[in-house]
$ cat start.csv   # CSV, C-alpha atoms
chain,number,residue,atom,x,y,z
A,13,MET,CA,27.9,-12.7,4.2
A,14,GLY,CA,27.6,-12.9,0.5
A,15,CYS,CA,28.4,-16.5,-0.3
A,16,VAL,CA,28.1,-19.7,1.7
A,17,LEU,CA,29.4,-22.8,0.0
A,18,GLY,CA,28.9,-21.2,-3.4
A,19,VAL,CA,25.3,-20.2,-2.7
A,20,SER,CA,24.4,-16.6,-2.7
A,21,VAL,CA,23.0,-15.2,0.5
A,22,VAL,CA,20.0,-12.9,0.3
A,23,HIS,CA,20.4,-9.8,2.4
A,24,HIS,CA,17.4,-7.9,3.7
A,25,CYS,CA,17.0,-4.3,4.7
A,26,PHE,CA,16.2,-3.3,8.2
A,27,ALA,CA,12.8,-2.1,9.4
A,28,PRO,CA,12.0,1.5,8.7
A,29,ILE,CA,12.8,4.0,11.5
A,30,VAL,CA,9.9,6.4,11.4
A,31,SER,CA,7.2,8.1,13.5
A,32,PRO,CA,3.9,9.8,12.7
A,33,GLU,CA,5.9,13.1,12.8
A,34,THR,CA,8.4,12.1,10.1
A,35,ARG,CA,8.8,15.0,7.7
A,36,LEU,CA,11.9,13.8,5.9
A,37,LEU,CA,12.6,10.2,4.9
A,38,ILE,CA,16.2,9.3,4.0
A,39,LEU,CA,16.6,6.2,1.9
A,40,GLY,CA,19.8,4.3,1.4
A,41,SER,CA,20.1,1.4,-1.0
A,42,LEU,CA,20.8,-1.7,1.2
A,43,PRO,CA,22.8,-1.9,4.4
A,44,GLY,CA,26.5,-2.8,3.9
A,45,ALA,CA,28.3,-5.7,5.4
A,46,ALA,CA,29.3,-3.8,8.6
A,47,SER,CA,25.7,-2.6,9.2
A,48,LEU,CA,24.2,-6.0,8.5
A,49,ALA,CA,26.7,-7.6,10.9
A,50,ALA,CA,25.9,-5.0,13.6
A,51,GLY,CA,22.2,-4.9,12.9
A,52,ARG,CA,22.4,-1.1,12.8
A,53,TYR,CA,22.0,1.6,10.1
A,54,TYR,CA,25.3,3.0,8.9
A,55,ALA,CA,27.5,1.0,11.3
A,56,ASN,CA,30.7,1.3,9.2
A,57,PRO,CA,32.8,3.9,11.1
A,58,ARG,CA,34.1,5.2,7.8
A,59,ASN,CA,30.6,6.0,6.5
A,60,GLN,CA,30.0,9.7,6.9
A,61,PHE,CA,26.2,9.4,7.3
A,62,TRP,CA,26.0,10.4,11.0
A,63,ARG,CA,28.6,13.2,10.6
A,64,LEU,CA,26.6,14.6,7.6
A,65,LEU,CA,23.3,14.5,9.6
A,66,GLU,CA,25.0,16.3,12.4
A,67,THR,CA,25.6,19.2,10.0
A,68,VAL,CA,21.9,19.1,9.0
A,69,ILE,CA,20.3,19.0,12.5
A,70,GLU,CA,23.2,20.5,14.5
A,71,LYS,CA,23.1,17.8,17.2
A,72,PRO,CA,26.1,15.6,18.2
A,73,LEU,CA,24.9,12.3,16.7
A,74,VAL,CA,28.3,10.7,16.4
A,75,ALA,CA,28.9,10.9,20.2
A,76,MET,CA,25.5,9.3,21.0
A,77,ALA,CA,24.7,5.7,21.5
A,78,TYR,CA,22.9,4.2,18.5
A,79,GLU,CA,19.4,4.1,20.1
A,80,ASP,CA,19.9,7.8,21.2
A,81,ARG,CA,20.8,8.6,17.5
A,82,LEU,CA,17.5,7.0,16.3
A,83,ASP,CA,15.5,8.8,19.0
A,84,THR,CA,17.1,12.1,18.1
A,85,LEU,CA,16.2,11.5,14.4
A,86,ARG,CA,12.6,10.7,15.2
A,87,ALA,CA,12.4,13.8,17.4
A,88,VAL,CA,13.5,16.1,14.6
A,89,GLY,CA,11.3,14.5,12.0
A,90,ILE,CA,13.8,12.3,10.1
A,91,GLY,CA,13.1,8.7,9.1
A,92,LEU,CA,15.4,6.0,7.7
A,93,TRP,CA,14.9,3.1,5.4
A,94,ASP,CA,16.3,1.5,2.3
A,95,THR,CA,15.1,1.2,-1.3
A,96,VAL,CA,16.2,-2.4,-1.6
A,97,ALA,CA,14.1,-4.9,0.5
A,98,ALA,CA,16.2,-7.9,-0.5
A,99,ALA,CA,19.1,-8.7,-2.7
A,100,THR,CA,22.3,-10.7,-3.1
A,101,ARG,CA,25.5,-8.7,-2.9
A,102,PRO,CA,29.0,-9.8,-2.1
A,103,GLY,CA,30.6,-7.1,0.0
A,104,SER,CA,29.1,-3.7,0.4
A,105,LEU,CA,29.2,-2.0,-3.0
A,106,ASP,CA,25.9,-0.9,-4.5
A,107,ALA,CA,27.2,-1.9,-8.0
A,108,ASP,CA,27.2,-5.5,-6.8
A,109,ILE,CA,23.5,-5.6,-5.8
A,110,ARG,CA,21.8,-8.4,-7.7
A,111,LEU,CA,18.3,-9.9,-7.8
A,112,GLU,CA,16.8,-7.0,-6.0
A,113,ALA,CA,13.3,-6.7,-4.6
A,114,ALA,CA,12.4,-3.1,-4.0
A,115,SER,CA,11.0,-1.8,-0.8
A,116,ASP,CA,7.4,-0.5,-0.9
A,117,ILE,CA,8.3,3.1,-0.5
A,118,SER,CA,4.9,4.4,-1.6
A,119,ALA,CA,3.1,2.4,1.0
A,120,LEU,CA,5.4,3.7,3.7
A,121,ALA,CA,5.1,7.3,2.5
A,122,ALA,CA,1.3,6.9,2.6
A,123,MET,CA,1.5,6.1,6.3
A,124,LEU,CA,3.4,9.2,7.2
A,125,PRO,CA,1.0,12.2,7.3
A,126,GLN,CA,3.7,14.8,7.9
A,127,LEU,CA,6.1,13.6,5.1
A,128,ARG,CA,7.3,16.4,3.0
A,129,ALA,CA,10.4,15.0,1.2
A,130,ILE,CA,12.2,11.8,0.4
A,131,ALA,CA,16.0,12.0,0.1
A,132,PHE,CA,18.2,9.4,-1.6
A,133,ASN,CA,21.6,8.7,-0.1
A,134,GLY,CA,23.6,8.0,-3.2
A,135,GLY,CA,23.0,7.2,-6.9
A,136,ALA,CA,21.8,3.6,-6.5
A,137,ALA,CA,19.2,4.6,-3.9
A,138,ALA,CA,18.0,7.4,-6.2
A,139,ARG,CA,17.8,5.2,-9.2
A,140,ILE,CA,15.9,2.4,-7.4
A,141,GLY,CA,13.8,4.7,-5.3
A,142,ARG,CA,12.7,7.0,-8.1
A,143,ARG,CA,11.7,4.0,-10.2
A,144,GLU,CA,9.5,2.7,-7.4
A,145,ILE,CA,7.9,6.0,-6.4
A,146,GLY,CA,7.2,7.2,-9.9
A,147,THR,CA,5.4,10.6,-9.8
A,148,SER,CA,5.0,12.1,-6.4
A,149,SER,CA,3.8,15.3,-4.8
A,150,LEU,CA,6.7,15.0,-2.3
A,151,ALA,CA,10.0,16.6,-2.9
A,152,LEU,CA,12.6,14.1,-4.0
A,153,VAL,CA,16.2,15.0,-3.2
A,154,ASP,CA,19.3,13.2,-4.6
A,155,LEU,CA,22.2,13.3,-2.1
A,156,PRO,CA,25.9,12.4,-2.6
A,157,SER,CA,26.5,9.1,-1.0
A,158,SER,CA,27.7,9.0,2.6
A,159,SER,CA,29.7,5.9,1.7
A,160,PRO,CA,33.5,5.9,2.0
A,161,ALA,CA,33.5,4.5,-1.5
A,162,TYR,CA,32.2,7.8,-2.8
A,163,THR,CA,35.3,10.0,-2.5
A,164,LEU,CA,33.7,13.5,-2.9
A,165,PRO,CA,35.2,15.7,-0.1
A,166,PHE,CA,33.1,15.8,3.1
A,167,THR,CA,32.6,19.6,2.8
A,168,ARG,CA,31.1,19.2,-0.7
A,169,LYS,CA,28.8,16.4,0.6
A,170,SER,CA,27.8,18.5,3.6
A,171,GLU,CA,26.8,21.5,1.4
A,172,THR,CA,24.3,19.3,-0.5
A,173,TRP,CA,23.1,17.5,2.6
A,174,SER,CA,22.5,20.9,4.4
A,175,GLU,CA,19.7,21.5,1.7
A,176,LEU,CA,17.6,19.1,3.7
A,177,ARG,CA,17.1,21.6,6.6
A,178,PRO,CA,14.0,23.3,5.2
A,179,TYR,CA,12.1,20.0,5.1
A,180,LEU,CA,12.5,19.7,8.9
A,181,LEU,CA,11.0,23.1,9.7
$ encode --input "start.csv" --output "structure tokens"
Amino acid sequence: MGCVLGVSVVHHCFAPIVSPETRLLILGSLPGAASLAAGRYYANPRNQFWRLLETVIEKPLVAMAYEDRLDTLRAVGIGLWDTVAAATRPGSLDADIRLEAASDISALAAMLPQLRAIAFNGGAAARIGRREIGTSSLALVDLPSSSPAYTLPFTRKSETWSELRPYLL
């Protein structure tokens, strides 16, 4: 992915994972190469996303099959999506995203009657997502990236991610 015979390939985000009971929507930027290849959110085994969410919801997500992870997230009121609908990007680094088309976050949020907060997984997601949302009555939470490229220690990331718990109550 990235380039085919010198032509940039446009990557697209996955469909949102939400339910009418979604209270917290976590937005990444755009799935990385491993996720795009697998057709799954956060498929890179070095990405700490599933481990971080385990600390938030206190359920063993990492040990679950992917569909069970998604079912568990829906059951506790967490939704997933990305701020970038489509872009070119060689590799997986957010800094390499080009020609982005933003996701319609406001339209999705309007369809979620229980939504209380939107959390951004990393700086690029926050920058793009906040620009697209503008002003909102929802809580907007910036999280340290779960990406292996962001080298903040796991314990420090986990401390910030644990601040999501009140939005699930």
$ residues_around --input "start.csv" --residues "segment 167-180 of chain A" --least-positions-apart "5" --cutoff "10 Å" --atoms "all atoms listed in the file" --output "MDAnalysis selection string"
chainID A and resid 34:38 60:61 63:69 88:90 127:131 133 151 153:158 162
$ atom_distance --input "start.csv" --atom1 "atom CA of Glu144 of chain A" --atom2 "atom CA of Ala114 of chain A"
7.3 Å
$ atom_distance --input "start.csv" --atom1 "atom CA of Arg86 of chain A" --atom2 "atom CA of Pro72 of chain A"
14.7 Å
$ residues_around --input "start.csv" --residues "segment 117-125 of chain A" --least-positions-apart "5" --cutoff "10 Å" --atoms "all atoms listed in the file" --output "NGL selection string"
:A and (28 or 30-37 or 39 or 91 or 93-97 or 130 or 141-142 or 144-146 or 148 or 150)
$ atom_distance --input "start.csv" --atom1 "atom CA of Ala137 of chain A" --atom2 "atom CA of Leu42 of chain A"
8.3 Å
$ closest_residue --input "start.csv" --among "A:Leu48, A:Ala55, A:Ala98, A:Ala161" --to "Ala77 of chain A" --atoms "all atoms listed in the file"
A:Ala55
$ residues_around --input "start.csv" --residues "segment 44-47 of chain A" --least-positions-apart "6" --cutoff "6 Å" --atoms "only C-alpha atoms" --output "PyMOL selection string"
chain A and resi 53-56+104
